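For reference, the structure discussed in these notes is given below.
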Amino acid sequence: TKWQAERAAAALGDEAVDIMTVSPQDYTFGPDDTIGIYFPVYACVAPDPVKDFARQIDPNGAYTYAVCGYSNYTGLAMQEFSESVWKLHSGYGLLMPDNTSVLGYPYDTEETTKEKLATACARMDAIIERIKKREEDVFDSYQGPNPEEDTKNLPGFFNSQLAVTGPFYVNESCIGCGMCEAGCPKKAIEMQDGKPVWIMDHCYLCSACINKCPVEAIEYGDKSQGVYRYTFEKYQKWLAE
């Protein structure tokens, strides 16, 4: 998502900001402005912190759009955002590699990851050109076979049944680096005696801790064992070449 936003900002002469590190009160907008919301699809909707941040912003007539990364389908993620947060003038889905290594099966491999990233470059550049035109009433994504049903039912199941921290643990490979604690957007991890401890019952299940661990010491019960782990940073240099 960071790569998408920065690529677009550079092409549009705009600024990309990480909503987890800034205050929404610092931003004001008007009819001459453009607001782009970039997010990964979680169970057919935008993640809670994305919507929580956006609700504290008044677009005030600005042109608004969304770009959402997805690994299989988006459901009605952008429509749901447009109805529950504030109106989007346009929205675009971007097929990206999956980072969900906690479900017991991989959506992607190294080979399919490279295929998706190669396609994403051209798709992202095409989306940028459409943003420049300030398209209206456009939601362009693969919504999946049952978008209405999935968008209605999956978020509740995801938050209550999947986004739980109980199965997380570290194996003997843990080096106590603290990257998981520092990178957890929910602040659900605390280093205790040199090892991470999950101090909340629920998290965002963003997979940052498990996928970014430099020694793959974090597991999610037995579901993550041997499952491919993806971060964009692993392929950023390859993509640039």
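In the structure tokens, the first chain shown is A, the next is B, and so on; residue numbers restart at 1 for each chain, and ligands run from 1 in the order shown.
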
Quick one: residues within 7 Å of Ala188 (chain A), only C-alpha atoms counted, chain neighbours fewer than 5 positions away excluded, as a PDB file with N, CA and C atoms, in the first residue's frame?
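Result file is part-v5.pdb:
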```
ATOM      1  N   TRP A 198       1.807 -11.153  23.296  1.00  0.00           N
ATOM      2  CA  TRP A 198       0.609 -10.510  22.761  1.00  0.00           C
ATOM      3  C   TRP A 198      -0.286 -10.158  23.943  1.00  0.00           C
ATOM      4  N   ILE A 199      -0.443  -8.866  24.197  1.00  0.00           N
ATOM      5  CA  ILE A 199      -1.083  -8.398  25.414  1.00  0.00           C
ATOM      6  C   ILE A 199      -2.553  -8.027  25.201  1.00  0.00           C
ATOM      7  N   MET A 200      -3.045  -8.177  23.991  1.00  0.00           N
ATOM      8  CA  MET A 200      -4.465  -7.949  23.704  1.00  0.00           C
ATOM      9  C   MET A 200      -5.067  -9.217  23.130  1.00  0.00           C
ATOM     10  N   CYS A 203      -6.422  -8.225  17.497  1.00  0.00           N
ATOM     11  CA  CYS A 203      -5.563  -7.276  16.783  1.00  0.00           C
ATOM     12  C   CYS A 203      -6.184  -7.034  15.418  1.00  0.00           C
TER      13      CYS A 203
END
```

Would you mind listing what lies within 10 Å of region 168-180 of chain A as number ranges by chain, with only C-alpha atoms counted and same-chain residues fewer than 5 positions away left out? A: 102, 185, 187-198, 207-222, 224

Take the residues from that selection and put them in a file with C-alpha atoms, as a short mmCIF file (atom, residue, chain, number, x, y, z; two decimals), in the first residue's frame.
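selection_16.cif, freshly written:
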```
data_model
loop_
_atom_site.label_atom_id
_atom_site.label_comp_id
_atom_site.auth_asym_id
_atom_site.auth_seq_id
_atom_site.Cartn_x
_atom_site.Cartn_y
_atom_site.Cartn_z
CA VAL A 102 -2.19 -17.35 9.26
CA PRO A 185 -0.23 -0.86 14.49
CA LYS A 187 0.12 -1.99 19.87
CA ALA A 188 -0.89 -5.52 20.78
CA ILE A 189 2.70 -6.75 21.29
CA GLU A 190 4.98 -6.02 24.21
CA MET A 191 8.53 -7.24 24.69
CA GLN A 192 8.85 -9.05 28.01
CA ASP A 193 12.14 -10.66 29.08
CA GLY A 194 13.45 -10.21 25.55
CA LYS A 195 10.53 -11.99 23.85
CA PRO A 196 7.28 -10.68 22.33
CA VAL A 197 4.05 -11.20 24.25
CA TRP A 198 0.61 -10.51 22.76
CA SER A 207 0.28 -10.01 9.49
CA ALA A 208 3.08 -7.46 9.86
CA CYS A 209 4.62 -9.22 12.85
CA ILE A 210 4.70 -12.70 11.35
CA ASN A 211 5.74 -11.68 7.83
CA LYS A 212 8.38 -9.11 8.76
CA CYS A 213 10.12 -11.19 11.43
CA PRO A 214 13.72 -11.41 10.12
CA VAL A 215 14.16 -15.00 11.32
CA GLU A 216 10.57 -16.24 10.83
CA ALA A 217 10.30 -16.95 14.55
CA ILE A 218 6.63 -15.97 14.89
CA GLU A 219 3.99 -18.61 14.29
CA TYR A 220 0.20 -18.67 14.38
CA GLY A 221 -0.64 -22.00 15.93
CA ASP A 222 0.11 -24.69 13.40
CA SER A 224 1.52 -20.68 9.60
#
```

Find the spatial neighbours of region 56-70 of chain A, counting only C-alpha atoms, within a cut-off of 8 Å - ignore same-chain residues fewer than 5 positions away - and output them as number ranges by chain. A: 1, 24-25, 27-41, 78, 86-98, 131, 134

Residues of region 63-164 of chain A at most 6 Å from region 43-53 of chain A: nearest atom pair and distance in Å, only C-alpha atoms, as a Markdown table:
```
| residue | atom | partner | partner_atom | distance |
| --- | --- | --- | --- | --- |
| A:Thr74 | CA | A:Cys44 | CA | 5.2 |
| A:Gly75 | CA | A:Cys44 | CA | 4.8 |
| A:Ala77 | CA | A:Val45 | CA | 4.1 |
| A:Thr151 | CA | A:Cys44 | CA | 5.1 |
| A:Leu154 | CA | A:Ala43 | CA | 5.4 |
| A:Pro155 | CA | A:Ala43 | CA | 5.2 |
```

I'd like to know which of A:Trp3, A:Phe81, A:Tyr235, A:Tyr73 is closest to Asn146 (chain A), using only C-alpha atoms. A:Tyr73

In region 35-152 of chain A, what's alpha helix (DSSP H) per DSSP? Answer as number ranges by chain? A: 48-54, 77-84, 110-132, 147-152

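Distance-wise, CA of Ser101 (chain A) and CA of Ala54 (chain A) end up 27.9 Å apart.
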
Between CA of Gln79 (chain A) and CA of Thr112 (chain A), what is the distance in Å, rounded to a tenth? 28.2 Å

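Between CA of Glu233 (chain A) and CA of Lys2 (chain A) the interatomic distance comes to 10.4 Å.
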
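Of the residues under consideration (A:Glu241, A:Leu76, A:Gln4, A:Thr21), A:Leu76 shows the shortest atom-to-atom contact distance to Glu149 (chain A) when counting only C-alpha atoms.
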
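DSSP on the backbone gives strand (DSSP E or B) for these parts of region 23-138 of chain A: A:Thr34, A:Ile35, A:Gly36, A:Ile37, A:Tyr38, A:Phe39, A:Pro40, A:Tyr42, A:Val45, A:Tyr63, A:Thr64, A:Tyr65, A:Ala66, A:Val67, A:Cys68, A:Gly69, A:Tyr70, A:Ser90, A:Gly91, A:Tyr92, A:Gly93, A:Leu94, A:Leu95, A:Val138.
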
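The residue that comes closest to Ser82 (chain A), out of A:Glu129, A:Glu15, A:Asp137, A:Glu115 and on the basis of only C-alpha atoms, is A:Asp137.
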
Extract, using only C-alpha atoms, all DNA, RNA and protein residues at most 12 Å from Cys121 (chain A), discarding same-chain residues fewer than 3 positions from it, and format them as a list in words. Trp3, Gln4, Arg7, Ala8, Leu94, Leu95, Met96, Lys114, Glu115, Lys116, Leu117, Ala118, Met124, Asp125, Ala126, Ile127, Ile128, Gln236, Leu239 and Ala240 of chain A
